[in-house]
file work_12.txt (compact mmCIF, C-alpha atoms)
# COMPACT_ATOMS: atom_id res chain seq x y z
CA LYS A 1 0.00 0.00 0.00
CA TYR A 2 1.39 3.39 -1.03
CA VAL A 3 0.61 7.03 -0.28
CA LEU A 4 1.79 10.11 -2.18
CA CYS A 5 1.12 13.39 -0.34
CA LEU A 6 0.75 16.52 -2.46
CA THR A 7 1.87 19.89 -1.08
CA GLU A 8 0.45 22.48 -3.44
CA SER A 9 1.32 26.16 -3.14
CA TYR A 10 -0.93 29.20 -3.10
CA GLY A 11 -3.00 29.55 -6.27
CA THR A 12 -2.54 25.91 -7.30
CA ASP A 13 -5.17 23.19 -6.90
CA LYS A 14 -4.33 20.28 -9.19
CA PHE A 15 -5.81 17.86 -6.65
CA GLY A 16 -9.14 19.68 -6.77
CA GLU A 17 -9.09 19.79 -10.58
CA LEU A 18 -8.41 16.06 -10.78
CA ALA A 19 -11.06 15.25 -8.17
CA ARG A 20 -13.68 17.27 -10.07
CA ARG A 21 -12.74 15.57 -13.32
CA VAL A 22 -13.01 12.12 -11.74
CA ASP A 23 -16.39 13.05 -10.26
CA THR A 24 -17.86 14.39 -13.49
CA GLU A 25 -16.05 12.25 -16.09
CA PRO A 26 -15.08 8.98 -14.38
CA GLU A 27 -14.81 7.12 -17.68
CA ASN A 28 -12.16 9.61 -18.89
CA ALA A 29 -10.19 9.93 -15.65
CA ALA A 30 -6.87 8.57 -16.86
CA MET A 31 -3.41 9.98 -16.29
CA SER A 32 -0.94 10.64 -19.09
CA GLU A 33 1.02 7.54 -18.19
CA LYS A 34 -0.39 4.50 -19.93
CA PHE A 35 -2.63 2.18 -17.86
CA TRP A 36 -3.05 4.55 -14.87
CA SER A 37 -6.62 5.40 -13.91
CA ILE A 38 -8.06 7.52 -11.09
CA ARG A 39 -11.12 6.99 -8.95
CA LEU A 40 -12.67 8.62 -5.91
CA SER A 41 -11.88 7.29 -2.43
CA ASN A 42 -14.09 7.17 0.66
CA ASP A 43 -13.22 10.73 1.69
CA ASP A 44 -12.57 14.09 0.03
CA MET A 45 -8.90 14.23 0.98
CA SER A 46 -7.59 11.45 -1.25
CA LEU A 47 -7.95 9.81 -4.65
CA ILE A 48 -6.96 6.31 -5.73
CA ALA A 49 -4.53 5.94 -8.64
CA ASP A 50 -4.73 2.38 -9.96
CA HIS A 51 -2.32 0.48 -12.22
CA PRO A 52 -2.88 -3.14 -13.35
CA ASP A 53 0.73 -4.12 -12.58
CA LEU A 54 1.96 -1.62 -9.99
CA GLY A 55 -1.16 -1.59 -7.83
CA GLU A 56 -2.74 1.35 -6.00
CA ILE A 57 -1.42 4.67 -4.75
CA GLU A 58 -3.48 7.00 -2.59
CA LEU A 59 -3.02 10.60 -3.76
CA VAL A 60 -3.51 12.79 -0.69
CA ALA A 61 -4.42 16.48 -0.81
CA GLY A 62 -2.09 18.91 0.93
CA ARG A 63 -0.90 22.50 0.97
CA GLN A 64 2.37 24.42 1.25
CA MET A 65 2.28 27.85 2.89
CA VAL A 66 5.01 30.51 2.97
CA THR A 67 4.78 32.35 6.30
CA ALA A 68 5.58 35.94 7.24
CA GLU A 69 8.96 34.73 8.51
CA ARG A 70 9.74 33.21 5.07
CA LEU A 71 9.46 29.68 6.41
CA GLU A 72 7.40 26.96 4.79
CA ILE A 73 4.72 24.94 6.53
CA LEU A 74 3.08 21.88 4.96
CA ALA A 75 -0.42 20.64 5.71
CA LEU A 76 -0.68 16.95 4.83
CA GLY A 77 -4.17 15.60 4.30
CA SER A 78 -6.24 18.74 3.79
CA VAL A 79 -8.31 20.39 1.05
CA GLN A 80 -8.47 23.58 3.11
CA LYS A 81 -6.51 26.54 1.73
CA TRP A 82 -4.39 28.96 3.73
CA ASP A 83 -3.08 32.34 2.66
CA ASP A 84 0.63 33.00 2.47
CA GLY A 85 2.19 35.66 4.70
CA LEU A 86 0.65 34.63 8.03
CA ALA A 87 2.64 34.18 11.24
CA VAL A 88 4.24 30.74 11.31
CA SER A 89 2.99 29.83 14.78
CA ASP A 90 -0.58 30.74 13.81
CA VAL A 91 -0.33 28.66 10.63
CA VAL A 92 0.92 25.61 12.52
CA GLN A 93 -1.89 25.89 15.08
CA SER A 94 -4.49 26.35 12.34
CA VAL A 95 -3.27 23.22 10.53
CA ILE A 96 -3.40 21.25 13.78
CA ASP A 97 -6.93 22.50 14.47
CA SER A 98 -7.99 21.43 10.97
CA GLY A 99 -7.00 17.82 11.66
CA ALA A 100 -4.21 17.80 9.06
CA ILE A 101 -0.57 16.94 9.70
CA PRO A 102 1.62 20.09 10.01
CA VAL A 103 5.21 19.74 8.82
CA LEU A 104 8.08 22.23 9.04
CA PRO A 105 10.31 21.08 6.15
CA TRP A 106 14.08 21.45 6.08
CA GLY A 107 15.35 23.79 3.39
CA PHE A 108 18.84 24.88 2.47
CA GLY A 109 19.44 28.30 4.01
CA LYS A 110 15.91 28.54 5.41
CA TRP A 111 16.78 27.55 8.96
CA LEU A 112 19.78 29.89 9.29
CA GLY A 113 20.27 33.35 10.79
CA GLN A 114 17.29 34.89 12.56
CA ARG A 115 15.04 32.12 11.30
CA SER A 116 17.03 29.56 13.29
CA ASP A 117 15.68 31.16 16.49
CA ILE A 118 12.14 30.98 15.11
CA VAL A 119 12.56 27.30 14.29
CA ALA A 120 13.97 26.64 17.77
CA ASN A 121 10.99 28.39 19.37
CA LEU A 122 8.56 26.36 17.24
CA ILE A 123 10.23 23.12 18.36
CA LYS A 124 9.84 24.21 21.99
CA LYS A 125 6.25 25.38 21.57
CA PHE A 126 5.03 22.27 19.76
CA ASP A 127 7.21 19.67 21.46
CA ASP A 128 4.12 17.60 22.31
CA GLY A 129 4.42 15.90 18.92
CA SER A 130 1.69 17.90 17.15
CA LEU A 131 4.25 19.46 14.77
CA TYR A 132 6.58 17.39 12.59
CA LEU A 133 9.91 18.28 11.04
CA GLY A 134 10.40 17.34 7.40
CA ASP A 135 13.57 15.91 5.92
CA ASN A 136 13.88 15.62 2.15
CA SER A 137 16.02 14.02 -0.52
CA GLY A 138 17.37 17.41 -1.58
CA ARG A 139 19.50 17.63 1.55
CA PRO A 140 23.11 16.67 0.64
CA GLY A 141 24.21 13.38 2.15
CA LEU A 142 27.59 14.76 3.23
CA MET A 143 26.00 17.55 5.28
CA PRO A 144 25.90 16.99 9.05
CA THR A 145 22.52 16.17 10.57
CA PRO A 146 20.72 19.49 11.20
CA ALA A 147 20.88 20.54 14.84
CA GLU A 148 17.10 20.97 14.79
CA PHE A 149 16.67 17.27 14.03
CA THR A 150 18.85 16.43 17.01
CA ALA A 151 16.87 18.79 19.23
CA ALA A 152 13.58 17.28 18.06
CA SER A 153 14.78 13.77 18.87
CA GLY A 154 14.83 14.73 22.55
CA SER A 155 11.11 15.49 22.49
CA ALA A 156 7.92 13.89 21.20
CA MET A 157 8.42 15.63 17.85
CA ARG A 158 9.14 13.31 14.94
CA ILE A 159 10.80 13.68 11.55
CA LEU A 160 8.98 12.75 8.33
CA PRO A 161 11.19 12.14 5.26
CA GLY A 162 9.83 13.10 1.85
CA SER A 163 11.09 13.52 -1.70
CA ASP A 164 10.11 17.20 -2.31
CA PRO A 165 11.34 17.35 -5.95
CA LEU A 166 12.31 20.70 -7.42
CA PRO A 167 10.29 22.17 -10.35
CA PHE A 168 12.64 20.86 -13.06
CA LYS A 169 12.04 18.14 -15.65
CA SER A 170 15.04 16.24 -14.28
CA GLU A 171 13.29 16.06 -10.90
CA TYR A 172 9.88 14.74 -11.96
CA ASP A 173 10.79 11.08 -11.48
CA ARG A 174 12.02 11.69 -7.91
CA ALA A 175 8.54 11.94 -6.38
CA GLY A 176 8.22 9.12 -3.87
CA SER A 177 11.90 8.13 -4.16
CA PHE A 178 12.60 9.25 -0.57
CA GLY A 179 10.09 8.76 2.19
CA PHE A 180 8.99 6.64 5.13
CA TYR A 181 6.77 3.78 6.17
CA ILE A 182 5.21 2.54 9.40
CA ASP A 183 4.52 -1.09 10.20
CA ASP A 184 1.13 -2.56 11.13
CA LEU A 185 -1.15 0.09 9.67
CA SER A 186 -4.90 -0.40 9.68
CA TYR A 187 -6.43 -0.06 6.21
CA ARG A 188 -10.09 -0.25 7.24
CA GLU A 189 -10.67 3.45 6.51
CA GLY A 190 -8.04 3.84 3.79
CA VAL A 191 -4.26 3.90 3.81
CA TRP A 192 -3.94 7.63 4.49
CA ASN A 193 -6.43 7.61 7.37
CA GLY A 194 -4.59 4.69 8.93
CA LEU A 195 -1.25 6.45 8.53
CA ARG A 196 -2.56 9.76 9.88
CA THR A 197 -4.03 8.03 12.91
CA LYS A 198 -0.71 6.34 13.65
CA LEU A 199 1.16 9.62 13.35
CA GLN A 200 -1.26 11.63 15.48
CA GLN A 201 -1.27 8.98 18.18
CA GLY A 202 2.52 8.78 18.13
CA ASP A 203 2.41 5.03 17.43
CA GLY A 204 4.88 3.00 15.40
CA ASP A 205 8.47 3.57 14.40
CA ILE A 206 9.10 5.73 11.34
CA HIS A 207 11.33 3.87 8.89
CA CYS A 208 13.10 5.93 6.23
CA TYR A 209 13.86 4.70 2.72
CA GLY A 210 15.77 6.27 -0.17
CA SER A 211 18.98 8.29 -0.25
CA LEU A 212 19.98 11.92 0.22
CA GLU A 213 21.31 14.14 -2.55
CA SER A 214 24.79 13.82 -4.05
CA PRO A 215 26.99 16.94 -3.63
CA LEU A 216 27.24 17.55 -7.39
CA ARG A 217 23.50 17.36 -8.03
CA PHE A 218 22.82 19.48 -4.96
CA VAL A 219 25.08 22.30 -6.21
CA ARG A 220 23.60 22.07 -9.71
CA ASN A 221 20.05 22.32 -8.39
CA GLN A 222 20.87 25.26 -6.11
CA VAL A 223 22.41 27.20 -8.98
CA ALA A 224 19.38 26.43 -11.16
CA MET A 225 16.98 27.55 -8.42
CA GLN A 226 18.85 30.83 -7.95
CA TYR A 227 18.58 31.48 -11.69
CA VAL A 228 14.85 30.70 -11.76
CA THR A 229 14.26 32.95 -8.73
CA ARG A 230 16.12 35.88 -10.28
CA VAL A 231 14.27 35.56 -13.59
CA SER A 232 10.96 35.39 -11.75
CA ASN A 233 11.82 38.48 -9.67
CA ARG A 234 12.78 40.43 -12.79
CA ARG A 235 9.50 39.57 -14.49
CA SER A 236 7.55 40.60 -11.39
CA ALA A 237 9.36 43.94 -11.26
CA SER A 238 8.82 44.75 -14.95

call {"tool": "encode", "arguments": {"input": "work_12.txt", "output": "structure tokens"}}
result
Amino acid sequence: KYVLCLTESYGTDKFGELARRVDTEPENAAMSEKFWSIRLSNDDMSLIADHPDLGEIELVAGRQMVTAERLEILALGSVQKWDDGLAVSDVVQSVIDSGAIPVLPWGFGKWLGQRSDIVANLIKKFDDGSLYLGDNSGRPGLMPTPAEFTAASGSAMRILPGSDPLPFKSEYDRAGSFGFYIDDLSYREGVWNGLRTKLQQGDGDIHCYGSLESPLRFVRNQVAMQYVTRVSNRRSAS
């Protein structure tokens, strides 16, 4: 059983578009890849992608918010939408109140400087396990373990690995290549609901799979992202 969590940014709702298409045109709900088909699940937060050879994947709705402090917060398992630019602590609490899984993902350069104090305060405030830290395959394997991960390990907070591919064609096939699994899930109400219940109850060991980024690919991607950001800023200013 597999789960792929989407984390869509402000102004994007591909999950909603796909769900509406499946609901109104179920006979035409096929993905571009041959043999994949999509159907509705038992709740509004996930869809079932089915392949005759590879089996089923639950596609789970989720959001990515950029806070006032220029940190990112993920909401896993939610069709609710949040605005960007809100205070990070308020966003985390709102995601918790919604029933979704809030994740503070690692990002190169995003946990440094003044923001490192903000991250430290978030870890202290939500050390009951209601907030999760996110690791991802873009972190270079030769880099030391982030101090925040070490600090979180001394509390009830847990770390969720994910692939988090960059918006480049060379990254498209990396979705799902780095992640986690938990043993002994209950599938009675769907894979995602069983996984979410385990996480929210703090049950089960989180097992990571996949590998971190190579130094060469990491540098290449960072240079490419800087270029894309500068081009985007120039277009916005013109």

call {"tool": "residues_around", "arguments": {"input": "work_12.txt", "residues": "A:Ser116", "least_positions_apart": "3", "cutoff": "12 Å", "atoms": "all atoms listed in the file", "output": "number ranges by chain"}}
result
A: 69-71, 106-113, 119-123, 146-148

call {"tool": "atom_distance", "arguments": {"input": "work_12.txt", "atom1": "atom CA of A:Leu74", "atom2": "atom CA of A:Gly99"}}
result
12.8 Å

call {"tool": "residues_around", "arguments": {"input": "work_12.txt", "residues": "A:Met143", "least_positions_apart": "5", "cutoff": "12 Å", "atoms": "only C-alpha atoms", "output": "ChimeraX atom specification"}}
result
/A:108,138,212-215,218

call {"tool": "atom_distance", "arguments": {"input": "work_12.txt", "atom1": "atom CA of A:Asn193", "atom2": "atom CA of A:Leu6"}}
result
15.1 Å

call {"tool": "residues_around", "arguments": {"input": "work_12.txt", "residues": "A:Val91", "least_positions_apart": "6", "cutoff": "10 Å", "atoms": "only C-alpha atoms", "output": "list in words"}}
result
Met65, Val66, Thr67, Ala68, Glu72, Ile73, Leu74, Ala75, Trp82, Asp83, Asp84, Gly85, Asp97 and Pro102 of chain A

call {"tool": "closest_residue", "arguments": {"input": "work_12.txt", "among": "A:Ala61, A:Asp53, A:Lys1, A:Val92", "to": "A:Asp184", "atoms": "all atoms listed in the file"}}
result
A:Lys1

call {"tool": "closest_residue", "arguments": {"input": "work_12.txt", "among": "A:Arg196, A:Arg174, A:Lys124, A:Arg230", "to": "A:Asn136", "atoms": "all atoms listed in the file"}}
result
A:Arg174

call {"tool": "closest_residue", "arguments": {"input": "work_12.txt", "among": "A:Tyr10, A:Phe168, A:Phe178, A:Trp36", "to": "A:Ile48", "atoms": "only C-alpha atoms"}}
result
A:Trp36

call {"tool": "closest_residue", "arguments": {"input": "work_12.txt", "among": "A:Gly55, A:Gly141, A:Gly77, A:Pro165", "to": "A:Asp43", "atoms": "all atoms listed in the file"}}
result
A:Gly77

call {"tool": "closest_residue", "arguments": {"input": "work_12.txt", "among": "A:Ser155, A:Ser9, A:Ser41, A:Gln64", "to": "A:Asp128", "atoms": "all atoms listed in the file"}}
result
A:Ser155

call {"tool": "closest_residue", "arguments": {"input": "work_12.txt", "among": "A:Gly204, A:Gly210, A:Leu160, A:Lys14", "to": "A:Ser186", "atoms": "only C-alpha atoms"}}
result
A:Gly204

call {"tool": "atom_distance", "arguments": {"input": "work_12.txt", "atom1": "atom CA of A:Tyr181", "atom2": "atom CA of A:Asp164"}}
result
16.2 Å

call {"tool": "closest_atom_pairs", "arguments": {"input": "work_12.txt", "of": "stretch 44-123 of chain A", "to": "stretch 19-26 of chain A", "cutoff": "12 Å", "atoms": "all atoms listed in the file", "output": "tab-separated table"}}
result
residue	atom	partner	partner_atom	distance
A:Asp44	CA	A:Ala19	CA	8.4
A:Met45	CA	A:Ala19	CA	9.5
A:Ser46	CA	A:Ala19	CA	8.6
A:Leu47	CA	A:Ala19	CA	7.2
A:Ile48	CA	A:Ala19	CA	10.1
A:Ala49	CA	A:Val22	CA	10.9
A:Leu59	CA	A:Ala19	CA	10.3
A:Val60	CA	A:Ala19	CA	10.9
A:Ala61	CA	A:Ala19	CA	10.0
A:Val79	CA	A:Ala19	CA	10.9

call {"tool": "build_atoms", "arguments": {"input": "work_12.txt", "residues": "stretch 116-127 of chain A", "atoms": "all heavy atoms", "output": "JSON list (two decimals), in the coordinates of the input"}}
result
[["chain", "number", "residue", "atom", "x", "y", "z"],
["A", 116, "SER", "N", 16.66, 30.70, 12.45],
["A", 116, "SER", "CA", 17.03, 29.56, 13.29],
["A", 116, "SER", "C", 16.42, 29.70, 14.69],
["A", 116, "SER", "O", 16.01, 28.70, 15.30],
["A", 116, "SER", "CB", 18.55, 29.44, 13.40],
["A", 116, "SER", "OG", 19.11, 30.57, 14.06],
["A", 117, "ASP", "N", 16.32, 30.93, 15.19],
["A", 117, "ASP", "CA", 15.68, 31.16, 16.49],
["A", 117, "ASP", "C", 14.18, 30.88, 16.41],
["A", 117, "ASP", "O", 13.59, 30.33, 17.35],
["A", 117, "ASP", "CB", 15.91, 32.59, 16.95],
["A", 117, "ASP", "CG", 17.37, 32.89, 17.27],
["A", 117, "ASP", "OD1", 18.10, 31.94, 17.61],
["A", 117, "ASP", "OD2", 17.77, 34.06, 17.17],
["A", 118, "ILE", "N", 13.57, 31.23, 15.29],
["A", 118, "ILE", "CA", 12.14, 30.98, 15.11],
["A", 118, "ILE", "C", 11.86, 29.49, 15.08],
["A", 118, "ILE", "O", 10.91, 28.99, 15.70],
["A", 118, "ILE", "CB", 11.64, 31.65, 13.81],
["A", 118, "ILE", "CG1", 11.83, 33.16, 13.88],
["A", 118, "ILE", "CG2", 10.17, 31.31, 13.57],
["A", 118, "ILE", "CD1", 11.55, 33.88, 12.58],
["A", 119, "VAL", "N", 12.72, 28.75, 14.35],
["A", 119, "VAL", "CA", 12.56, 27.30, 14.29],
["A", 119, "VAL", "C", 12.73, 26.69, 15.68],
["A", 119, "VAL", "O", 11.96, 25.81, 16.09],
["A", 119, "VAL", "CB", 13.58, 26.69, 13.31],
["A", 119, "VAL", "CG1", 13.55, 25.17, 13.39],
["A", 119, "VAL", "CG2", 13.28, 27.14, 11.89],
["A", 120, "ALA", "N", 13.74, 27.16, 16.42],
["A", 120, "ALA", "CA", 13.97, 26.64, 17.77],
["A", 120, "ALA", "C", 12.77, 26.89, 18.67],
["A", 120, "ALA", "O", 12.36, 26.02, 19.46],
["A", 120, "ALA", "CB", 15.23, 27.28, 18.36],
["A", 121, "ASN", "N", 12.17, 28.06, 18.55],
["A", 121, "ASN", "CA", 10.99, 28.39, 19.37],
["A", 121, "ASN", "C", 9.80, 27.53, 18.97],
["A", 121, "ASN", "O", 9.00, 27.13, 19.84],
["A", 121, "ASN", "CB", 10.65, 29.87, 19.22],
["A", 121, "ASN", "CG", 11.66, 30.78, 19.89],
["A", 121, "ASN", "OD1", 12.32, 30.37, 20.85],
["A", 121, "ASN", "ND2", 11.80, 32.00, 19.39],
["A", 122, "LEU", "N", 9.65, 27.23, 17.68],
["A", 122, "LEU", "CA", 8.56, 26.36, 17.24],
["A", 122, "LEU", "C", 8.73, 24.96, 17.81],
["A", 122, "LEU", "O", 7.75, 24.33, 18.24],
["A", 122, "LEU", "CB", 8.53, 26.29, 15.72],
["A", 122, "LEU", "CG", 7.91, 27.48, 14.98],
["A", 122, "LEU", "CD1", 8.09, 27.32, 13.48],
["A", 122, "LEU", "CD2", 6.43, 27.63, 15.32],
["A", 123, "ILE", "N", 9.96, 24.46, 17.81],
["A", 123, "ILE", "CA", 10.23, 23.12, 18.36],
["A", 123, "ILE", "C", 9.87, 23.09, 19.84],
["A", 123, "ILE", "O", 9.29, 22.11, 20.33],
["A", 123, "ILE", "CB", 11.70, 22.73, 18.13],
["A", 123, "ILE", "CG1", 11.95, 22.51, 16.62],
["A", 123, "ILE", "CG2", 12.06, 21.48, 18.91],
["A", 123, "ILE", "CD1", 13.39, 22.24, 16.27],
["A", 124, "LYS", "N", 10.18, 24.15, 20.56],
["A", 124, "LYS", "CA", 9.84, 24.21, 21.99],
["A", 124, "LYS", "C", 8.34, 24.31, 22.20],
["A", 124, "LYS", "O", 7.77, 23.67, 23.09],
["A", 124, "LYS", "CB", 10.55, 25.40, 22.63],
["A", 124, "LYS", "CG", 12.06, 25.27, 22.73],
["A", 124, "LYS", "CD", 12.67, 26.51, 23.35],
["A", 124, "LYS", "CE", 14.20, 26.40, 23.41],
["A", 124, "LYS", "NZ", 14.81, 27.63, 23.98],
["A", 125, "LYS", "N", 7.68, 25.14, 21.37],
["A", 125, "LYS", "CA", 6.25, 25.38, 21.57],
["A", 125, "LYS", "C", 5.41, 24.15, 21.25],
["A", 125, "LYS", "O", 4.41, 23.88, 21.93],
["A", 125, "LYS", "CB", 5.81, 26.56, 20.71],
["A", 125, "LYS", "CG", 4.33, 26.91, 20.87],
["A", 125, "LYS", "CD", 3.97, 28.18, 20.13],
["A", 125, "LYS", "CE", 2.51, 28.53, 20.35],
["A", 125, "LYS", "NZ", 2.13, 29.81, 19.68],
["A", 126, "PHE", "N", 5.82, 23.42, 20.21],
["A", 126, "PHE", "CA", 5.03, 22.27, 19.76],
["A", 126, "PHE", "C", 5.77, 20.96, 20.01],
["A", 126, "PHE", "O", 5.72, 20.05, 19.18],
["A", 126, "PHE", "CB", 4.69, 22.41, 18.27],
["A", 126, "PHE", "CG", 3.83, 23.60, 17.95],
["A", 126, "PHE", "CD1", 4.40, 24.77, 17.47],
["A", 126, "PHE", "CD2", 2.47, 23.56, 18.14],
["A", 126, "PHE", "CE1", 3.62, 25.88, 17.17],
["A", 126, "PHE", "CE2", 1.66, 24.65, 17.84],
["A", 126, "PHE", "CZ", 2.23, 25.82, 17.36],
["A", 127, "ASP", "N", 6.42, 20.87, 21.16],
["A", 127, "ASP", "CA", 7.21, 19.67, 21.46],
["A", 127, "ASP", "C", 6.35, 18.52, 21.98],
["A", 127, "ASP", "O", 6.87, 17.50, 22.41],
["A", 127, "ASP", "CB", 8.32, 19.98, 22.46],
["A", 127, "ASP", "CG", 7.79, 20.41, 23.83],
["A", 127, "ASP", "OD1", 6.56, 20.58, 23.97],
["A", 127, "ASP", "OD2", 8.60, 20.57, 24.75]]
